[in-house]
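Enquirer: Dumping the structure here so I can ask a few things about it.
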Amino acid sequence: MSGLTHIRYTTEASERLAIITLDRPEARNAYSDEMCESLVAALDRADADPEVRCVILTGEGKAFHAGGDIKAMRARSGMFAGDPAELRTRYARGIQAVPRRFAEFHKPIIAAINGAAIGAGLDLACMCDLRVARAGAKLGSTFVKVGLVPGDGGAYFLTRVIGFSRALELILTGRIVTAEEGLAIGLVNEVVAAEDLMDTARERARVIAANPPLAVQLTKRAAYRSYETDMPNALELAATYQGIVQNLDDHLEALGVKKG
């Protein structure tokens with residue numbers, strides 16, 4: 001996919017899979033304005049492609065995502081430039097476009113955490129549906145260490161992944177944990193050797209992609225929407241989605257029912 005900056009987008013048609021790679025290794029894949037825009041564009045492409053059933057998000061080089069660019073912070077340039085009102089607008093139109101897009105992304109996304117996921121990098125991993133991490137990878141919500149708050153919505157995502165109390169401890173202390181501790185507290189789903197990371201992520205994606213696609217997408221949406229509502233609304237949503245998928249050819253074929 002051309003026209004992207006600091007992002008690589010590839011597809012593996014035989015696996016019905018797209019791979020989005022954060023590609024700014026010289027800055028440990030830290031955010032740039034261009035990366036934010038390109039990441040949203042890559043998600044748009046994957047969502048619109050009927051041949052893509054699952055997405056893997058990973059990083060180039062030794063880091064998954066280092067969060068904000070410290071050099072840009074010090075220089076107060078790029079997304080860190082401007083007075084309070086300007087910064088608020090920059091966040092709303094820039095980095096916060098990423099969580100908004102993730103929230104409306106229909107297909108499952110697996111984060112293949114190949115190295116450090118720090119600050120906004122951990123937040124990005126938490127926006128994904130599943131997380132597979134390289135053994136020894138470092139994970140941390142470190143905003144307070146540099147006098148910042150999780151401006152991309154990290155407090156929202158982390159509390160939903162590991163629970164309020166544990167998330168609050170990590171957010172307030174800025175403590176960095178290993179992938180192994182992350183597994184113990186539910187921050188990651190799986191920890192594997194570095195050389196097995198992408199193969200493991202691909203295998204998890206294959207299992208998902210083998211299922212009827214609309215059932216997968218609506219199940220994902222039902223899970224997220226139900227988490228944020230009460231039981232009557234969750235049940236109504238489930239009945240609506242069931243009414244859709246129960247009349248699809250995919251469902252009948254899965255049951256062994258011949259059309260016609």
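In the structure tokens, the first chain shown is A, the next is B, and so on; residue numbers restart at 1 for each chain, and ligands run from 1 in the order shown.
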Please produce, as a tab-separated table, a per-residue contact table for segment 126-223 of chain A versus segment 119-122 of chain A (criterion: any atom at most 6 Å away, only C-alpha atoms considered), showing the nearest atom pair and its distance in Å to one decimal, sorted by chain then residue number.
Expert:
```
residue	atom	partner	partner_atom	distance
A:Ser141	CA	A:Gly119	CA	4.5
A:Thr142	CA	A:Gly119	CA	5.1
A:Phe143	CA	A:Gly119	CA	5.9
```
Enquirer: Next, the residues of the selection above should be written as a PDB file, in the first residue's frame with all heavy atoms.
Expert:
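The resulting file, part-v8.pdb, is reproduced below:
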```pdb
ATOM      1  N   SER A 141       2.992   2.080  31.302  1.00  0.00           N
ATOM      2  CA  SER A 141       2.261   3.336  31.128  1.00  0.00           C
ATOM      3  C   SER A 141       3.041   4.399  31.890  1.00  0.00           C
ATOM      4  O   SER A 141       2.805   4.652  33.071  1.00  0.00           O
ATOM      5  CB  SER A 141       0.836   3.204  31.675  1.00  0.00           C
ATOM      6  OG  SER A 141       0.123   4.411  31.513  1.00  0.00           O
ATOM      7  N   THR A 142       3.992   5.014  31.219  1.00  0.00           N
ATOM      8  CA  THR A 142       5.019   5.822  31.885  1.00  0.00           C
ATOM      9  C   THR A 142       4.798   7.328  31.776  1.00  0.00           C
ATOM     10  O   THR A 142       5.723   8.106  31.993  1.00  0.00           O
ATOM     11  CB  THR A 142       6.395   5.482  31.278  1.00  0.00           C
ATOM     12  OG1 THR A 142       6.335   5.696  29.856  1.00  0.00           O
ATOM     13  CG2 THR A 142       6.768   4.034  31.552  1.00  0.00           C
ATOM     14  N   PHE A 143       3.602   7.766  31.456  1.00  0.00           N
ATOM     15  CA  PHE A 143       3.341   9.188  31.226  1.00  0.00           C
ATOM     16  C   PHE A 143       3.735  10.060  32.416  1.00  0.00           C
ATOM     17  O   PHE A 143       4.315  11.127  32.252  1.00  0.00           O
ATOM     18  CB  PHE A 143       1.855   9.400  30.904  1.00  0.00           C
ATOM     19  CG  PHE A 143       1.413   8.750  29.617  1.00  0.00           C
ATOM     20  CD1 PHE A 143       0.908   7.459  29.612  1.00  0.00           C
ATOM     21  CD2 PHE A 143       1.505   9.429  28.418  1.00  0.00           C
ATOM     22  CE1 PHE A 143       0.500   6.859  28.442  1.00  0.00           C
ATOM     23  CE2 PHE A 143       1.100   8.840  27.231  1.00  0.00           C
ATOM     24  CZ  PHE A 143       0.602   7.550  27.246  1.00  0.00           C
TER      25      PHE A 143
END
```
Enquirer: Segment 151-153 of chain A: which residues within 10 Å, counting only C-alpha atoms, same-chain residues fewer than 2 positions away excluded, as a CSV table (one decimal) with all heavy atoms, in the first residue's frame?
Expert:
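This went into part02.csv:
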```csv
chain,number,residue,atom,x,y,z
A,88,ARG,N,-4.7,21.0,22.6
A,88,ARG,CA,-5.9,20.2,22.7
A,88,ARG,C,-6.5,19.9,21.4
A,88,ARG,O,-6.9,18.7,21.1
A,88,ARG,CB,-6.9,21.0,23.5
A,88,ARG,CG,-8.3,20.4,23.8
A,88,ARG,CD,-9.2,21.2,24.6
A,88,ARG,NE,-10.4,20.6,24.9
A,88,ARG,CZ,-11.5,20.6,24.2
A,88,ARG,NH1,-11.5,21.2,23.0
A,88,ARG,NH2,-12.6,19.9,24.6
A,91,TYR,N,-4.3,17.1,19.7
A,91,TYR,CA,-4.6,15.8,20.2
A,91,TYR,C,-5.9,15.3,19.6
A,91,TYR,O,-5.9,14.1,19.2
A,91,TYR,CB,-4.6,15.8,21.7
A,91,TYR,CG,-3.3,15.5,22.3
A,91,TYR,CD1,-2.3,16.4,22.4
A,91,TYR,CD2,-3.0,14.2,22.8
A,91,TYR,CE1,-1.0,16.1,23.0
A,91,TYR,CE2,-1.8,13.8,23.4
A,91,TYR,CZ,-0.8,14.8,23.4
A,91,TYR,OH,0.4,14.5,24.0
A,92,ALA,N,-6.9,16.1,19.6
A,92,ALA,CA,-8.2,15.7,19.1
A,92,ALA,C,-8.1,15.3,17.6
A,92,ALA,O,-8.8,14.3,17.2
A,92,ALA,CB,-9.2,16.8,19.3
A,94,GLY,N,-5.2,14.6,15.9
A,94,GLY,CA,-4.1,13.8,15.6
A,94,GLY,C,-4.1,12.5,16.2
A,94,GLY,O,-4.7,11.5,15.8
A,95,ILE,N,-3.4,12.4,17.3
A,95,ILE,CA,-3.2,11.1,18.0
A,95,ILE,C,-4.5,10.4,18.4
A,95,ILE,O,-4.6,9.2,18.4
A,95,ILE,CB,-2.2,11.2,19.2
A,95,ILE,CG1,-1.7,9.8,19.6
A,95,ILE,CG2,-2.8,12.0,20.3
A,95,ILE,CD1,-0.6,9.9,20.7
A,96,GLN,N,-5.5,11.2,18.8
A,96,GLN,CA,-6.7,10.6,19.2
A,96,GLN,C,-7.6,10.1,18.1
A,96,GLN,O,-8.6,9.4,18.3
A,96,GLN,CB,-7.5,11.7,20.1
A,96,GLN,CG,-6.9,11.9,21.4
A,96,GLN,CD,-7.8,12.9,22.3
A,96,GLN,OE1,-8.7,13.5,21.8
A,96,GLN,NE2,-7.4,13.0,23.5
A,97,ALA,N,-7.2,10.4,16.9
A,97,ALA,CA,-7.9,9.8,15.7
A,97,ALA,C,-7.6,8.3,15.7
A,97,ALA,O,-8.4,7.5,15.2
A,97,ALA,CB,-7.4,10.4,14.4
A,98,VAL,N,-6.5,7.8,16.3
A,98,VAL,CA,-6.1,6.4,16.3
A,98,VAL,C,-7.1,5.6,17.2
A,98,VAL,O,-7.7,4.7,16.7
A,98,VAL,CB,-4.6,6.2,16.8
A,98,VAL,CG1,-4.3,4.8,16.9
A,98,VAL,CG2,-3.7,6.9,15.7
A,99,PRO,N,-7.3,6.0,18.5
A,99,PRO,CA,-8.2,5.2,19.3
A,99,PRO,C,-9.6,5.3,18.7
A,99,PRO,O,-10.4,4.3,18.8
A,99,PRO,CB,-8.1,5.8,20.7
A,99,PRO,CG,-7.5,7.1,20.5
A,99,PRO,CD,-6.6,7.0,19.3
A,100,ARG,N,-10.0,6.4,18.2
A,100,ARG,CA,-11.4,6.5,17.6
A,100,ARG,C,-11.5,5.5,16.4
A,100,ARG,O,-12.6,4.9,16.3
A,100,ARG,CB,-11.6,7.9,17.1
A,100,ARG,CG,-11.9,8.9,18.2
A,100,ARG,CD,-12.4,10.2,17.7
A,100,ARG,NE,-12.6,11.2,18.7
A,100,ARG,CZ,-11.7,12.2,19.0
A,100,ARG,NH1,-10.6,12.3,18.3
A,100,ARG,NH2,-11.9,13.0,20.0
A,119,GLY,N,4.3,3.9,27.2
A,119,GLY,CA,3.5,5.0,27.1
A,119,GLY,C,2.4,4.8,26.1
A,119,GLY,O,1.6,3.8,26.2
A,120,ALA,N,2.3,5.6,25.1
A,120,ALA,CA,1.3,5.5,24.0
A,120,ALA,C,1.5,4.2,23.3
A,120,ALA,O,0.5,3.7,22.6
A,120,ALA,CB,1.3,6.6,23.1
A,123,ASP,N,-0.6,1.8,25.2
A,123,ASP,CA,-2.0,2.1,24.9
A,123,ASP,C,-2.4,1.5,23.5
A,123,ASP,O,-3.5,1.0,23.4
A,123,ASP,CB,-2.2,3.7,24.9
A,123,ASP,CG,-1.8,4.3,26.2
A,123,ASP,OD1,-1.8,3.6,27.2
A,123,ASP,OD2,-1.7,5.5,26.2
A,124,LEU,N,-1.5,1.6,22.6
A,124,LEU,CA,-1.8,1.1,21.2
A,124,LEU,C,-2.0,-0.4,21.3
A,124,LEU,O,-3.0,-1.0,20.7
A,124,LEU,CB,-0.7,1.5,20.2
A,124,LEU,CG,-1.0,1.0,18.8
A,124,LEU,CD1,-2.2,1.7,18.2
A,124,LEU,CD2,0.3,1.3,17.9
A,127,MET,N,-5.4,-1.2,22.6
A,127,MET,CA,-6.5,-0.9,21.7
A,127,MET,C,-6.8,-2.2,20.8
A,127,MET,O,-7.8,-2.3,20.3
A,127,MET,CB,-6.1,0.2,20.7
A,127,MET,CG,-6.1,1.6,21.4
A,127,MET,SD,-5.5,2.9,20.3
A,127,MET,CE,-4.8,4.1,21.5
A,143,PHE,N,3.6,7.8,31.5
A,143,PHE,CA,3.3,9.2,31.2
A,143,PHE,C,3.7,10.1,32.4
A,143,PHE,O,4.3,11.1,32.3
A,143,PHE,CB,1.9,9.4,30.9
A,143,PHE,CG,1.4,8.8,29.6
A,143,PHE,CD1,0.9,7.5,29.6
A,143,PHE,CD2,1.5,9.4,28.4
A,143,PHE,CE1,0.5,6.9,28.4
A,143,PHE,CE2,1.1,8.8,27.2
A,143,PHE,CZ,0.6,7.5,27.2
A,148,LEU,N,3.3,13.9,32.2
A,148,LEU,CA,2.2,13.9,31.3
A,148,LEU,C,1.1,13.0,31.7
A,148,LEU,O,1.2,12.2,32.7
A,148,LEU,CB,2.6,13.4,29.9
A,148,LEU,CG,3.7,14.3,29.1
A,148,LEU,CD1,4.1,13.7,27.8
A,148,LEU,CD2,3.1,15.7,28.9
A,149,VAL,N,-0.1,13.1,31.1
A,149,VAL,CA,-1.2,12.1,31.3
A,149,VAL,C,-1.3,11.3,30.0
A,149,VAL,O,-0.8,11.7,29.0
A,149,VAL,CB,-2.5,12.9,31.6
A,149,VAL,CG1,-2.4,13.7,32.8
A,149,VAL,CG2,-2.9,13.8,30.4
A,155,ALA,N,-5.7,5.6,29.8
A,155,ALA,CA,-6.4,5.3,31.1
A,155,ALA,C,-7.7,4.5,30.8
A,155,ALA,O,-8.1,3.6,31.6
A,155,ALA,CB,-6.7,6.6,31.9
A,156,TYR,N,-8.4,4.8,29.8
A,156,TYR,CA,-9.6,4.1,29.4
A,156,TYR,C,-9.3,2.7,29.0
A,156,TYR,O,-9.9,1.8,29.4
A,156,TYR,CB,-10.2,4.9,28.2
A,156,TYR,CG,-11.5,4.2,27.6
A,156,TYR,CD1,-12.7,4.5,28.1
A,156,TYR,CD2,-11.3,3.3,26.5
A,156,TYR,CE1,-13.8,3.9,27.5
A,156,TYR,CE2,-12.4,2.7,26.0
A,156,TYR,CZ,-13.7,3.0,26.4
A,156,TYR,OH,-14.8,2.4,25.9
A,157,PHE,N,-8.3,2.5,28.1
A,157,PHE,CA,-8.0,1.2,27.6
A,157,PHE,C,-7.4,0.3,28.6
A,157,PHE,O,-7.8,-0.9,28.7
A,157,PHE,CB,-7.1,1.3,26.3
A,157,PHE,CG,-7.8,1.9,25.2
A,157,PHE,CD1,-7.5,3.2,24.8
A,157,PHE,CD2,-8.7,1.2,24.4
A,157,PHE,CE1,-8.2,3.8,23.8
A,157,PHE,CE2,-9.4,1.8,23.4
A,157,PHE,CZ,-9.1,3.1,23.0
A,158,LEU,N,-6.4,0.8,29.4
A,158,LEU,CA,-5.7,-0.1,30.3
A,158,LEU,C,-6.7,-0.6,31.4
A,158,LEU,O,-6.6,-1.8,31.8
A,158,LEU,CB,-4.6,0.6,31.0
A,158,LEU,CG,-3.6,-0.2,31.8
A,158,LEU,CD1,-3.0,-1.3,31.0
A,158,LEU,CD2,-2.5,0.7,32.4
```
Enquirer: Can you work out which one of A:Gly140, A:Gly256, A:Gly186, A:Gly82 has the shortest atom-to-atom distance to Gly174 of chain A, counting only C-alpha atoms?
Expert: A:Gly140
Enquirer: Enumerate as a PyMOL selection string all residues of segment 23-217 of chain A assigned to strand (DSSP E) by DSSP on the backbone, naming them with the chain letters and numbers the document uses.
Expert: chain A and resi 54-59+63-65+109-113+116-118+130-134+138-140+176-178+190-192
Enquirer: Would you list, as a ChimeraX atom specification, the residues of segment 60-209 of chain A that end up in helix (DSSP H, G or I) under DSSP run on this structure's backbone?
Expert: /A:70-75,78-80,84-93,97-103,120-127,143-146,154-162,164-173,179-184,194-209
Enquirer: For the selection just defined, write its residues with C-alpha atoms to a file, as an mmCIF file, in the first residue's frame.
Expert:
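The resulting result.cif:
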```
data_model
loop_
_atom_site.group_PDB
_atom_site.id
_atom_site.type_symbol
_atom_site.label_atom_id
_atom_site.label_comp_id
_atom_site.auth_asym_id
_atom_site.auth_seq_id
_atom_site.Cartn_x
_atom_site.Cartn_y
_atom_site.Cartn_z
ATOM 1 C CA ILE A 70 11.026 12.452 23.322
ATOM 2 C CA LYS A 71 13.037 14.640 20.934
ATOM 3 C CA ALA A 72 9.836 16.274 19.685
ATOM 4 C CA MET A 73 8.680 16.747 23.291
ATOM 5 C CA ARG A 74 11.888 18.546 24.192
ATOM 6 C CA ALA A 75 11.730 20.711 21.072
ATOM 7 C CA GLY A 78 5.037 18.427 15.850
ATOM 8 C CA MET A 79 2.206 17.097 18.016
ATOM 9 C CA PHE A 80 3.800 18.728 21.080
ATOM 10 C CA PRO A 84 -2.923 24.708 25.680
ATOM 11 C CA ALA A 85 -5.760 25.364 23.229
ATOM 12 C CA GLU A 86 -3.622 24.434 20.228
ATOM 13 C CA LEU A 87 -2.374 21.263 21.916
ATOM 14 C CA ARG A 88 -5.920 20.212 22.746
ATOM 15 C CA THR A 89 -6.878 20.588 19.082
ATOM 16 C CA ARG A 90 -3.755 18.752 17.922
ATOM 17 C CA TYR A 91 -4.554 15.803 20.169
ATOM 18 C CA ALA A 92 -8.197 15.657 19.116
ATOM 19 C CA ARG A 93 -7.337 15.765 15.404
ATOM 20 C CA ALA A 97 -7.860 9.750 15.722
ATOM 21 C CA VAL A 98 -6.106 6.421 16.314
ATOM 22 C CA PRO A 99 -8.222 5.175 19.263
ATOM 23 C CA ARG A 100 -11.364 6.475 17.576
ATOM 24 C CA ARG A 101 -10.560 4.408 14.498
ATOM 25 C CA PHE A 102 -9.727 1.325 16.542
ATOM 26 C CA ALA A 103 -13.054 1.644 18.364
ATOM 27 C CA ALA A 120 1.307 5.461 24.029
ATOM 28 C CA GLY A 121 2.888 2.251 22.734
ATOM 29 C CA LEU A 122 1.268 0.259 25.518
ATOM 30 C CA ASP A 123 -1.967 2.133 24.881
ATOM 31 C CA LEU A 124 -1.834 1.105 21.230
ATOM 32 C CA ALA A 125 -1.342 -2.531 22.202
ATOM 33 C CA CYS A 126 -4.339 -2.264 24.534
ATOM 34 C CA MET A 127 -6.474 -0.949 21.667
ATOM 35 C CA PHE A 143 3.341 9.188 31.226
ATOM 36 C CA VAL A 144 3.705 10.450 34.808
ATOM 37 C CA LYS A 145 7.464 9.867 34.605
ATOM 38 C CA VAL A 146 7.704 12.719 32.095
ATOM 39 C CA GLY A 154 -4.626 5.051 27.763
ATOM 40 C CA ALA A 155 -6.410 5.286 31.105
ATOM 41 C CA TYR A 156 -9.596 4.143 29.359
ATOM 42 C CA PHE A 157 -8.025 1.180 27.586
ATOM 43 C CA LEU A 158 -5.746 -0.108 30.337
ATOM 44 C CA THR A 159 -8.499 -0.225 32.953
ATOM 45 C CA ARG A 160 -10.613 -2.329 30.601
ATOM 46 C CA VAL A 161 -7.801 -4.760 29.883
ATOM 47 C CA ILE A 162 -6.507 -5.450 33.414
ATOM 48 C CA PHE A 164 -9.284 -0.571 37.506
ATOM 49 C CA SER A 165 -7.102 -1.213 40.549
ATOM 50 C CA ARG A 166 -4.173 -2.782 38.704
ATOM 51 C CA ALA A 167 -4.368 -0.206 35.921
ATOM 52 C CA LEU A 168 -4.386 2.659 38.421
ATOM 53 C CA GLU A 169 -1.262 1.306 40.098
ATOM 54 C CA LEU A 170 0.618 1.120 36.800
ATOM 55 C CA ILE A 171 -0.616 4.519 35.630
ATOM 56 C CA LEU A 172 0.202 6.354 38.878
ATOM 57 C CA THR A 173 3.626 4.783 39.423
ATOM 58 C CA ALA A 179 5.855 -9.509 29.361
ATOM 59 C CA GLU A 180 5.864 -12.349 31.877
ATOM 60 C CA GLU A 181 4.324 -10.178 34.609
ATOM 61 C CA GLY A 182 1.972 -8.788 31.997
ATOM 62 C CA LEU A 183 0.777 -12.334 31.322
ATOM 63 C CA ALA A 184 0.160 -12.898 35.028
ATOM 64 C CA ALA A 194 11.161 -13.833 19.993
ATOM 65 C CA GLU A 195 11.697 -16.166 17.046
ATOM 66 C CA ASP A 196 8.182 -17.586 17.460
ATOM 67 C CA LEU A 197 6.319 -14.280 17.809
ATOM 68 C CA MET A 198 5.037 -13.728 14.285
ATOM 69 C CA ASP A 199 4.354 -17.410 13.659
ATOM 70 C CA THR A 200 2.269 -17.521 16.837
ATOM 71 C CA ALA A 201 0.380 -14.355 15.917
ATOM 72 C CA ARG A 202 -0.262 -15.745 12.436
ATOM 73 C CA GLU A 203 -1.572 -19.012 13.867
ATOM 74 C CA ARG A 204 -3.972 -17.168 16.182
ATOM 75 C CA ALA A 205 -5.093 -15.080 13.193
ATOM 76 C CA ARG A 206 -5.622 -18.216 11.075
ATOM 77 C CA VAL A 207 -7.923 -19.714 13.697
ATOM 78 C CA ILE A 208 -10.005 -16.534 13.754
ATOM 79 C CA ALA A 209 -10.006 -16.138 9.970
#
```
